[in-house]
file model.pdb (PDB, C-alpha atoms)
ATOM      1  CA  MET B  16      -0.868   9.768   9.438  1.00  0.00           C
ATOM      2  CA  ASN B  17       1.686  10.252   6.704  1.00  0.00           C
ATOM      3  CA  ALA B  18       2.495   7.332   4.431  1.00  0.00           C
ATOM      4  CA  THR B  19       4.007   6.392   1.108  1.00  0.00           C
ATOM      5  CA  VAL B  20       2.521   3.634  -1.023  1.00  0.00           C
ATOM      6  CA  LEU B  21       5.398   2.051  -2.919  1.00  0.00           C
ATOM      7  CA  CYS B  22       4.230   0.044  -5.953  1.00  0.00           C
ATOM      8  CA  VAL B  23       5.517  -1.935  -8.890  1.00  0.00           C
ATOM      9  CA  GLY B  24       4.252  -0.777 -12.260  1.00  0.00           C
ATOM     10  CA  ARG B  25       2.333   2.112 -13.718  1.00  0.00           C
ATOM     11  CA  LEU B  26      -1.449   2.208 -13.753  1.00  0.00           C
ATOM     12  CA  LYS B  27      -2.744   1.522 -17.239  1.00  0.00           C
ATOM     13  CA  GLU B  28      -6.494   1.787 -16.725  1.00  0.00           C
ATOM     14  CA  PRO B  29      -8.092   5.254 -16.480  1.00  0.00           C
ATOM     15  CA  TRP B  30     -10.516   4.091 -13.783  1.00  0.00           C
ATOM     16  CA  GLN B  31      -7.590   2.937 -11.614  1.00  0.00           C
ATOM     17  CA  ARG B  32      -5.848   6.305 -11.962  1.00  0.00           C
ATOM     18  CA  ALA B  33      -9.121   8.085 -11.180  1.00  0.00           C
ATOM     19  CA  GLY B  34      -9.643   5.939  -8.072  1.00  0.00           C
ATOM     20  CA  VAL B  35      -6.123   6.596  -6.807  1.00  0.00           C
ATOM     21  CA  GLU B  36      -6.478  10.342  -7.414  1.00  0.00           C
ATOM     22  CA  GLU B  37      -9.860  10.431  -5.641  1.00  0.00           C
ATOM     23  CA  TYR B  38      -8.638   8.661  -2.518  1.00  0.00           C
ATOM     24  CA  LEU B  39      -5.385  10.637  -2.392  1.00  0.00           C
ATOM     25  CA  LYS B  40      -7.525  13.794  -2.485  1.00  0.00           C
ATOM     26  CA  ARG B  41      -9.748  12.502   0.327  1.00  0.00           C
ATOM     27  CA  LEU B  42      -6.757  11.399   2.396  1.00  0.00           C
ATOM     28  CA  SER B  43      -5.058  14.792   2.080  1.00  0.00           C
ATOM     29  CA  ARG B  44      -7.130  16.195   4.936  1.00  0.00           C
ATOM     30  CA  TYR B  45      -5.705  13.571   7.316  1.00  0.00           C
ATOM     31  CA  GLY B  46      -2.029  13.622   6.418  1.00  0.00           C
ATOM     32  CA  LYS B  47       0.475  13.456   3.632  1.00  0.00           C
ATOM     33  CA  TYR B  48      -0.014  10.401   1.439  1.00  0.00           C
ATOM     34  CA  ALA B  49       2.130   9.762  -1.611  1.00  0.00           C
ATOM     35  CA  ILE B  50       2.536   7.150  -4.331  1.00  0.00           C
ATOM     36  CA  GLU B  51       5.973   6.036  -5.524  1.00  0.00           C
ATOM     37  CA  GLN B  52       6.275   3.642  -8.443  1.00  0.00           C
ATOM     38  CA  VAL B  53       9.041   1.467  -9.772  1.00  0.00           C
ATOM     39  CA  ASP B  54       8.953  -0.085 -13.231  1.00  0.00           C
ATOM     40  CA  ASP B  55       7.764  -3.612 -13.921  1.00  0.00           C
ATOM     41  CA  ALA B  56      10.626  -5.878 -14.888  1.00  0.00           C
ATOM     42  CA  PRO B  57      10.339  -7.258 -18.427  1.00  0.00           C
ATOM     43  CA  ASP B  58       8.763 -10.715 -18.703  1.00  0.00           C
ATOM     44  CA  SER B  59      11.776 -11.771 -20.747  1.00  0.00           C
ATOM     45  CA  LEU B  60      13.761 -11.931 -17.480  1.00  0.00           C
ATOM     46  CA  GLY B  61      11.650 -14.875 -16.334  1.00  0.00           C
ATOM     47  CA  ALA B  62      12.266 -15.766 -12.697  1.00  0.00           C
ATOM     48  CA  ARG B  63      14.799 -12.935 -12.401  1.00  0.00           C
ATOM     49  CA  ALA B  64      11.991 -10.361 -12.940  1.00  0.00           C
ATOM     50  CA  LEU B  65      10.831 -10.680  -9.327  1.00  0.00           C
ATOM     51  CA  GLU B  66      14.368 -10.110  -8.073  1.00  0.00           C
ATOM     52  CA  LYS B  67      14.815  -7.015 -10.281  1.00  0.00           C
ATOM     53  CA  GLU B  68      11.534  -5.519  -9.046  1.00  0.00           C
ATOM     54  CA  GLY B  69      12.582  -6.305  -5.480  1.00  0.00           C
ATOM     55  CA  GLU B  70      15.904  -4.540  -5.970  1.00  0.00           C
ATOM     56  CA  ALA B  71      14.109  -1.464  -7.317  1.00  0.00           C
ATOM     57  CA  LEU B  72      11.702  -1.457  -4.356  1.00  0.00           C
ATOM     58  CA  LEU B  73      14.521  -1.865  -1.831  1.00  0.00           C
ATOM     59  CA  ARG B  74      16.364   1.140  -3.319  1.00  0.00           C
ATOM     60  CA  ARG B  75      13.286   3.250  -2.416  1.00  0.00           C
ATOM     61  CA  ILE B  76      12.977   2.006   1.170  1.00  0.00           C
ATOM     62  CA  ARG B  77      15.187   4.070   3.469  1.00  0.00           C
ATOM     63  CA  PRO B  78      16.985   2.609   6.498  1.00  0.00           C
ATOM     64  CA  GLY B  79      14.695   4.346   9.009  1.00  0.00           C
ATOM     65  CA  ASP B  80      11.437   3.553   7.200  1.00  0.00           C
ATOM     66  CA  HIS B  81       8.798   1.306   8.725  1.00  0.00           C
ATOM     67  CA  ALA B  82       8.011  -0.942   5.763  1.00  0.00           C
ATOM     68  CA  ILE B  83       4.756  -2.883   5.548  1.00  0.00           C
ATOM     69  CA  ALA B  84       4.573  -5.551   2.839  1.00  0.00           C
ATOM     70  CA  LEU B  85       1.131  -6.301   1.429  1.00  0.00           C
ATOM     71  CA  CYS B  86       0.896 -10.039   0.899  1.00  0.00           C
ATOM     72  CA  VAL B  87      -1.646 -12.802   1.298  1.00  0.00           C
ATOM     73  CA  GLU B  88       0.552 -14.602   3.850  1.00  0.00           C
ATOM     74  CA  ALA B  89      -0.326 -12.215   6.664  1.00  0.00           C
ATOM     75  CA  GLU B  90      -3.079 -11.305   9.070  1.00  0.00           C
ATOM     76  CA  ALA B  91      -6.061  -9.567   7.476  1.00  0.00           C
ATOM     77  CA  PRO B  92      -7.519  -7.126  10.005  1.00  0.00           C
ATOM     78  CA  ASP B  93     -11.015  -5.711   9.908  1.00  0.00           C
ATOM     79  CA  SER B  94     -11.403  -1.955   9.349  1.00  0.00           C
ATOM     80  CA  PRO B  95     -11.221  -0.984  13.049  1.00  0.00           C
ATOM     81  CA  GLY B  96      -8.158  -3.235  13.362  1.00  0.00           C
ATOM     82  CA  LEU B  97      -6.468  -1.432  10.476  1.00  0.00           C
ATOM     83  CA  ALA B  98      -7.292   1.883  12.164  1.00  0.00           C
ATOM     84  CA  ARG B  99      -5.596   0.671  15.370  1.00  0.00           C
ATOM     85  CA  ARG B 100      -2.516  -0.343  13.371  1.00  0.00           C
ATOM     86  CA  MET B 101      -2.450   3.057  11.693  1.00  0.00           C
ATOM     87  CA  ARG B 102      -2.573   4.760  15.093  1.00  0.00           C
ATOM     88  CA  ARG B 103       0.455   2.688  16.119  1.00  0.00           C
ATOM     89  CA  TRP B 104       2.265   3.431  12.847  1.00  0.00           C
ATOM     90  CA  ALA B 105       1.644   7.153  13.240  1.00  0.00           C
ATOM     91  CA  GLY B 106       3.320   7.003  16.648  1.00  0.00           C
ATOM     92  CA  LEU B 107       6.504   5.429  15.296  1.00  0.00           C
ATOM     93  CA  GLY B 108       7.844   8.734  14.041  1.00  0.00           C
ATOM     94  CA  GLY B 109       9.537   7.516  10.853  1.00  0.00           C
ATOM     95  CA  ARG B 110       8.257   7.272   7.313  1.00  0.00           C
ATOM     96  CA  ILE B 111       5.585   4.611   6.819  1.00  0.00           C
ATOM     97  CA  VAL B 112       5.935   2.723   3.525  1.00  0.00           C
ATOM     98  CA  LEU B 113       3.266   0.292   2.350  1.00  0.00           C
ATOM     99  CA  VAL B 114       4.676  -1.941  -0.392  1.00  0.00           C
ATOM    100  CA  ILE B 115       2.559  -3.463  -3.170  1.00  0.00           C
ATOM    101  CA  GLY B 116       4.273  -5.927  -5.483  1.00  0.00           C
ATOM    102  CA  GLY B 117       3.666  -6.386  -9.163  1.00  0.00           C
ATOM    103  CA  SER B 118       2.024  -9.304 -10.920  1.00  0.00           C
ATOM    104  CA  ASN B 119       4.812 -11.567  -9.650  1.00  0.00           C
ATOM    105  CA  GLY B 120       4.321 -10.564  -6.002  1.00  0.00           C
ATOM    106  CA  LEU B 121       7.141  -9.447  -3.703  1.00  0.00           C
ATOM    107  CA  SER B 122      10.651 -10.874  -3.645  1.00  0.00           C
ATOM    108  CA  ASP B 123      11.997 -12.697  -0.608  1.00  0.00           C
ATOM    109  CA  ALA B 124      14.403  -9.796  -0.075  1.00  0.00           C
ATOM    110  CA  VAL B 125      11.538  -7.280   0.174  1.00  0.00           C
ATOM    111  CA  LEU B 126       9.605  -9.561   2.521  1.00  0.00           C
ATOM    112  CA  ALA B 127      12.734  -9.943   4.671  1.00  0.00           C
ATOM    113  CA  ARG B 128      13.192  -6.149   4.819  1.00  0.00           C
ATOM    114  CA  ALA B 129       9.564  -5.532   5.798  1.00  0.00           C
ATOM    115  CA  ASP B 130       8.965  -4.646   9.413  1.00  0.00           C
ATOM    116  CA  GLU B 131       5.537  -6.219   9.174  1.00  0.00           C
ATOM    117  CA  ARG B 132       3.129  -7.767   6.703  1.00  0.00           C
ATOM    118  CA  LEU B 133      -0.490  -6.932   5.992  1.00  0.00           C
ATOM    119  CA  SER B 134      -3.160  -8.775   4.035  1.00  0.00           C
ATOM    120  CA  PHE B 135      -6.521  -7.586   2.810  1.00  0.00           C
ATOM    121  CA  SER B 136      -7.725 -11.045   1.834  1.00  0.00           C
ATOM    122  CA  ARG B 137      -6.553 -14.529   0.987  1.00  0.00           C
ATOM    123  CA  LEU B 138      -7.600 -13.609  -2.563  1.00  0.00           C
ATOM    124  CA  THR B 139      -5.114 -12.297  -5.111  1.00  0.00           C
ATOM    125  CA  PHE B 140      -5.934  -8.879  -6.579  1.00  0.00           C
ATOM    126  CA  PRO B 141      -4.453  -7.189  -9.660  1.00  0.00           C
ATOM    127  CA  HIS B 142      -1.807  -4.782  -8.381  1.00  0.00           C
ATOM    128  CA  GLY B 143      -3.531  -1.753  -9.975  1.00  0.00           C
ATOM    129  CA  LEU B 144      -6.776  -2.586  -8.219  1.00  0.00           C
ATOM    130  CA  MET B 145      -4.930  -3.249  -4.952  1.00  0.00           C
ATOM    131  CA  ARG B 146      -3.651   0.311  -5.022  1.00  0.00           C
ATOM    132  CA  VAL B 147      -7.231   1.612  -5.066  1.00  0.00           C
ATOM    133  CA  ILE B 148      -8.354  -0.864  -2.402  1.00  0.00           C
ATOM    134  CA  LEU B 149      -5.447   0.074  -0.118  1.00  0.00           C
ATOM    135  CA  LEU B 150      -6.096   3.808  -0.419  1.00  0.00           C
ATOM    136  CA  GLU B 151      -9.826   3.340   0.196  1.00  0.00           C
ATOM    137  CA  GLN B 152      -9.100   1.293   3.310  1.00  0.00           C
ATOM    138  CA  LEU B 153      -6.600   3.880   4.584  1.00  0.00           C
ATOM    139  CA  TYR B 154      -9.275   6.529   4.069  1.00  0.00           C
ATOM    140  CA  ARG B 155     -11.853   4.411   5.900  1.00  0.00           C
ATOM    141  CA  ALA B 156      -9.423   3.903   8.796  1.00  0.00           C
ATOM    142  CA  GLU B 157      -8.644   7.645   8.959  1.00  0.00           C
ATOM    143  CA  ARG B 158     -12.378   8.332   9.218  1.00  0.00           C
ATOM    144  CA  ILE B 159     -12.676   5.775  12.018  1.00  0.00           C
ATOM    145  CA  LEU B 160      -9.751   7.358  13.906  1.00  0.00           C
ATOM    146  CA  ALA B 161     -11.303  10.806  13.501  1.00  0.00           C
ATOM    147  CA  GLY B 162     -14.659   9.546  14.819  1.00  0.00           C
ATOM    148  CA  GLU B 163     -16.335  10.449  11.543  1.00  0.00           C
ATOM    149  CA  PRO B 164     -19.129   8.452   9.904  1.00  0.00           C
ATOM    150  CA  TYR B 165     -18.114   6.212   7.014  1.00  0.00           C
ATOM    151  CA  HIS B 166     -17.417   2.788   8.413  1.00  0.00           C
ATOM    152  CA  LYS B 167     -20.386   0.413   8.322  1.00  0.00           C
TER     153      LYS B 167
END
call {"tool": "encode", "arguments": {"input": "model.pdb", "output": "structure tokens"}}
result
Amino acid sequence: MNATVLCVGRLKEPWQRAGVEEYLKRLSRYGKYAIEQVDDAPDSLGARALEKEGEALLRRIRPGDHAIALCVEAEAPDSPGLARRMRRWAGLGGRIVLVIGGSNGLSDAVLARADERLSFSRLTFPHGLMRVILLEQLYRAERILAGEPYHK
């Protein structure tokens, strides 16, 4: 599958950057995976920060993209279930964009634009860590689809 992970904010921790690089490297044998980032809105904007981040994300989502918003208010599949979704996404033909919000979450406008929503847990994760978790789970699902050992 080919997919873009669209995120708010830059990774600040070296271990997060290393994790993202490692899983992007592993995923490269299964398809083209890319990371696109938009800047965090300044805290001084208060409630408007979420809207500004949403506007920046929406500028990166093209009309023909299949956008998947990562949020806690969605179904959380198991690993084989994610693999089945990825098989379906791969068959759609357009660009697949998985959207991770910043520390404020995702704006209502981004959630409204999303073609579907996906959760990994009812827990809230730091957005830098979520990037690593998402890529690891995409890698796990690719291995499942390829019939390769990894999933336990």
call {"tool": "residues_around", "arguments": {"input": "model.pdb", "residues": "B:Arg110", "least_positions_apart": "2", "cutoff": "12 Å", "atoms": "all atoms listed in the file", "output": "PyMOL selection string"}}
result
chain B and resi 16-21+47-49+75-83+104-108+112-113
call {"tool": "atom_distance", "arguments": {"input": "model.pdb", "atom1": "atom CA of B:Met101", "atom2": "atom CA of B:Ser134"}}
result
14.1 Å
call {"tool": "resolve_selection", "arguments": {"input": "model.pdb", "expression": "the PyMOL selection byres ((chain B and resi 144) around 10)", "output": "list in words"}}
result
Leu26, Glu28, Trp30, Gln31, Arg32, Gly34, Val35, Phe140, Pro141, His142, Gly143, Met145, Arg146, Val147, Ile148 and Leu149 of chain B
call {"tool": "residues_around", "arguments": {"input": "model.pdb", "residues": "B:Phe135", "least_positions_apart": "3", "cutoff": "8 Å", "atoms": "all atoms listed in the file", "output": "number ranges by chain"}}
result
B: 85, 87, 91-92
call {"tool": "residues_near_point", "arguments": {"input": "model.pdb", "point": "(-11.4, 5.6, 9.4)", "cutoff": "12 Å", "atoms": "all atoms listed in the file", "output": "number ranges by chain"}}
result
B: 16, 41-42, 45, 93-102, 150-167
call {"tool": "atom_distance", "arguments": {"input": "model.pdb", "atom1": "atom CA of B:Arg44", "atom2": "atom CA of B:Glu90"}}
result
28.1 Å
call {"tool": "closest_residue", "arguments": {"input": "model.pdb", "among": "B:Arg25, B:Arg128, B:Arg74, B:Lys40", "to": "B:Asp54", "atoms": "only C-alpha atoms"}}
result
B:Arg25
call {"tool": "resolve_selection", "arguments": {"input": "model.pdb", "expression": "the PyMOL selection byres ((chain B and resi 72) around 9)", "output": "CSV table (one decimal) with C-alpha atoms, in the frame of the given file"}}
result
chain,number,residue,atom,x,y,z
B,21,LEU,CA,5.4,2.1,-2.9
B,22,CYS,CA,4.2,0.0,-6.0
B,23,VAL,CA,5.5,-1.9,-8.9
B,52,GLN,CA,6.3,3.6,-8.4
B,53,VAL,CA,9.0,1.5,-9.8
B,67,LYS,CA,14.8,-7.0,-10.3
B,68,GLU,CA,11.5,-5.5,-9.0
B,69,GLY,CA,12.6,-6.3,-5.5
B,70,GLU,CA,15.9,-4.5,-6.0
B,71,ALA,CA,14.1,-1.5,-7.3
B,73,LEU,CA,14.5,-1.9,-1.8
B,74,ARG,CA,16.4,1.1,-3.3
B,75,ARG,CA,13.3,3.2,-2.4
B,76,ILE,CA,13.0,2.0,1.2
B,114,VAL,CA,4.7,-1.9,-0.4
B,116,GLY,CA,4.3,-5.9,-5.5
B,125,VAL,CA,11.5,-7.3,0.2
call {"tool": "atom_distance", "arguments": {"input": "model.pdb", "atom1": "atom CA of B:Gly24", "atom2": "atom CA of B:Asp55"}}
result
4.8 Å
call {"tool": "decode", "arguments": {"input": "model.pdb", "residues": "stretch 48-73 of chain B", "atoms": "N, CA, C and O atoms", "output": "PDB file, in the first residue's frame"}}
result
ATOM      1  N   TYR B  48       5.573   5.007   1.636  1.00  0.00           N
ATOM      2  CA  TYR B  48       5.024   5.645   2.828  1.00  0.00           C
ATOM      3  C   TYR B  48       5.776   6.951   3.053  1.00  0.00           C
ATOM      4  O   TYR B  48       6.996   6.979   2.946  1.00  0.00           O
ATOM      5  N   ALA B  49       5.024   7.993   3.369  1.00  0.00           N
ATOM      6  CA  ALA B  49       5.640   9.305   3.560  1.00  0.00           C
ATOM      7  C   ALA B  49       5.033   9.983   4.783  1.00  0.00           C
ATOM      8  O   ALA B  49       3.909   9.678   5.185  1.00  0.00           O
ATOM      9  N   ILE B  50       5.806  10.905   5.341  1.00  0.00           N
ATOM     10  CA  ILE B  50       5.348  11.735   6.456  1.00  0.00           C
ATOM     11  C   ILE B  50       5.265  13.169   5.954  1.00  0.00           C
ATOM     12  O   ILE B  50       6.193  13.669   5.318  1.00  0.00           O
ATOM     13  N   GLU B  51       4.149  13.828   6.217  1.00  0.00           N
ATOM     14  CA  GLU B  51       4.004  15.262   5.969  1.00  0.00           C
ATOM     15  C   GLU B  51       3.639  15.900   7.298  1.00  0.00           C
ATOM     16  O   GLU B  51       2.811  15.362   8.034  1.00  0.00           O
ATOM     17  N   GLN B  52       4.247  17.029   7.577  1.00  0.00           N
ATOM     18  CA  GLN B  52       4.025  17.708   8.859  1.00  0.00           C
ATOM     19  C   GLN B  52       3.542  19.130   8.626  1.00  0.00           C
ATOM     20  O   GLN B  52       3.965  19.777   7.675  1.00  0.00           O
ATOM     21  N   VAL B  53       2.659  19.561   9.495  1.00  0.00           N
ATOM     22  CA  VAL B  53       2.286  20.972   9.542  1.00  0.00           C
ATOM     23  C   VAL B  53       2.703  21.477  10.923  1.00  0.00           C
ATOM     24  O   VAL B  53       2.837  20.699  11.866  1.00  0.00           O
ATOM     25  N   ASP B  54       2.907  22.773  11.034  1.00  0.00           N
ATOM     26  CA  ASP B  54       3.369  23.342  12.298  1.00  0.00           C
ATOM     27  C   ASP B  54       2.269  23.356  13.356  1.00  0.00           C
ATOM     28  O   ASP B  54       1.088  23.524  13.038  1.00  0.00           O
ATOM     29  N   ASP B  55       2.700  23.192  14.607  1.00  0.00           N
ATOM     30  CA  ASP B  55       1.803  23.411  15.744  1.00  0.00           C
ATOM     31  C   ASP B  55       1.394  24.881  15.736  1.00  0.00           C
ATOM     32  O   ASP B  55       2.212  25.755  15.427  1.00  0.00           O
ATOM     33  N   ALA B  56       0.161  25.143  16.101  1.00  0.00           N
ATOM     34  CA  ALA B  56      -0.258  26.531  16.271  1.00  0.00           C
ATOM     35  C   ALA B  56       0.226  27.007  17.641  1.00  0.00           C
ATOM     36  O   ALA B  56       0.287  26.220  18.586  1.00  0.00           O
ATOM     37  N   PRO B  57       0.590  28.266  17.753  1.00  0.00           N
ATOM     38  CA  PRO B  57       1.069  28.774  19.049  1.00  0.00           C
ATOM     39  C   PRO B  57      -0.017  28.699  20.122  1.00  0.00           C
ATOM     40  O   PRO B  57      -1.192  28.940  19.852  1.00  0.00           O
ATOM     41  N   ASP B  58       0.383  28.356  21.333  1.00  0.00           N
ATOM     42  CA  ASP B  58      -0.556  28.276  22.458  1.00  0.00           C
ATOM     43  C   ASP B  58      -1.244  29.609  22.716  1.00  0.00           C
ATOM     44  O   ASP B  58      -2.355  29.644  23.243  1.00  0.00           O
ATOM     45  N   SER B  59      -0.595  30.686  22.317  1.00  0.00           N
ATOM     46  CA  SER B  59      -1.176  32.015  22.552  1.00  0.00           C
ATOM     47  C   SER B  59      -2.494  32.204  21.804  1.00  0.00           C
ATOM     48  O   SER B  59      -3.274  33.091  22.139  1.00  0.00           O
ATOM     49  N   LEU B  60      -2.788  31.352  20.815  1.00  0.00           N
ATOM     50  CA  LEU B  60      -4.046  31.459  20.084  1.00  0.00           C
ATOM     51  C   LEU B  60      -5.214  30.869  20.859  1.00  0.00           C
ATOM     52  O   LEU B  60      -6.367  31.029  20.460  1.00  0.00           O
ATOM     53  N   GLY B  61      -4.911  30.158  21.939  1.00  0.00           N
ATOM     54  CA  GLY B  61      -5.985  29.574  22.754  1.00  0.00           C
ATOM     55  C   GLY B  61      -6.822  28.598  21.950  1.00  0.00           C
ATOM     56  O   GLY B  61      -6.311  27.735  21.249  1.00  0.00           O
ATOM     57  N   ALA B  62      -8.146  28.767  22.033  1.00  0.00           N
ATOM     58  CA  ALA B  62      -9.068  27.858  21.359  1.00  0.00           C
ATOM     59  C   ALA B  62      -8.917  27.918  19.833  1.00  0.00           C
ATOM     60  O   ALA B  62      -9.240  26.957  19.138  1.00  0.00           O
ATOM     61  N   ARG B  63      -8.431  28.998  19.327  1.00  0.00           N
ATOM     62  CA  ARG B  63      -8.253  29.160  17.872  1.00  0.00           C
ATOM     63  C   ARG B  63      -7.099  28.296  17.348  1.00  0.00           C
ATOM     64  O   ARG B  63      -7.022  28.017  16.153  1.00  0.00           O
ATOM     65  N   ALA B  64      -6.218  27.817  18.222  1.00  0.00           N
ATOM     66  CA  ALA B  64      -5.075  26.994  17.801  1.00  0.00           C
ATOM     67  C   ALA B  64      -5.543  25.737  17.070  1.00  0.00           C
ATOM     68  O   ALA B  64      -4.984  25.368  16.031  1.00  0.00           O
ATOM     69  N   LEU B  65      -6.560  25.082  17.583  1.00  0.00           N
ATOM     70  CA  LEU B  65      -7.073  23.863  16.960  1.00  0.00           C
ATOM     71  C   LEU B  65      -7.597  24.150  15.556  1.00  0.00           C
ATOM     72  O   LEU B  65      -7.343  23.386  14.620  1.00  0.00           O
ATOM     73  N   GLU B  66      -8.283  25.265  15.408  1.00  0.00           N
ATOM     74  CA  GLU B  66      -8.792  25.654  14.088  1.00  0.00           C
ATOM     75  C   GLU B  66      -7.646  25.925  13.109  1.00  0.00           C
ATOM     76  O   GLU B  66      -7.711  25.508  11.950  1.00  0.00           O
ATOM     77  N   LYS B  67      -6.611  26.622  13.556  1.00  0.00           N
ATOM     78  CA  LYS B  67      -5.464  26.934  12.694  1.00  0.00           C
ATOM     79  C   LYS B  67      -4.765  25.661  12.243  1.00  0.00           C
ATOM     80  O   LYS B  67      -4.391  25.520  11.079  1.00  0.00           O
ATOM     81  N   GLU B  68      -4.563  24.721  13.177  1.00  0.00           N
ATOM     82  CA  GLU B  68      -3.942  23.443  12.809  1.00  0.00           C
ATOM     83  C   GLU B  68      -4.832  22.696  11.825  1.00  0.00           C
ATOM     84  O   GLU B  68      -4.338  22.109  10.846  1.00  0.00           O
ATOM     85  N   GLY B  69      -6.137  22.735  12.057  1.00  0.00           N
ATOM     86  CA  GLY B  69      -7.072  22.082  11.143  1.00  0.00           C
ATOM     87  C   GLY B  69      -7.009  22.668   9.748  1.00  0.00           C
ATOM     88  O   GLY B  69      -7.018  21.933   8.748  1.00  0.00           O
ATOM     89  N   GLU B  70      -6.920  23.981   9.668  1.00  0.00           N
ATOM     90  CA  GLU B  70      -6.813  24.641   8.355  1.00  0.00           C
ATOM     91  C   GLU B  70      -5.544  24.200   7.634  1.00  0.00           C
ATOM     92  O   GLU B  70      -5.555  23.940   6.427  1.00  0.00           O
ATOM     93  N   ALA B  71      -4.444  24.113   8.372  1.00  0.00           N
ATOM     94  CA  ALA B  71      -3.175  23.681   7.767  1.00  0.00           C
ATOM     95  C   ALA B  71      -3.272  22.234   7.288  1.00  0.00           C
ATOM     96  O   ALA B  71      -2.771  21.891   6.205  1.00  0.00           O
ATOM     97  N   LEU B  72      -3.901  21.371   8.081  1.00  0.00           N
ATOM     98  CA  LEU B  72      -4.074  19.973   7.664  1.00  0.00           C
ATOM     99  C   LEU B  72      -4.951  19.890   6.418  1.00  0.00           C
ATOM    100  O   LEU B  72      -4.626  19.166   5.463  1.00  0.00           O
ATOM    101  N   LEU B  73      -6.050  20.611   6.409  1.00  0.00           N
ATOM    102  CA  LEU B  73      -6.977  20.559   5.272  1.00  0.00           C
ATOM    103  C   LEU B  73      -6.332  21.043   3.979  1.00  0.00           C
ATOM    104  O   LEU B  73      -6.674  20.545   2.893  1.00  0.00           O
TER     105      LEU B  73
END
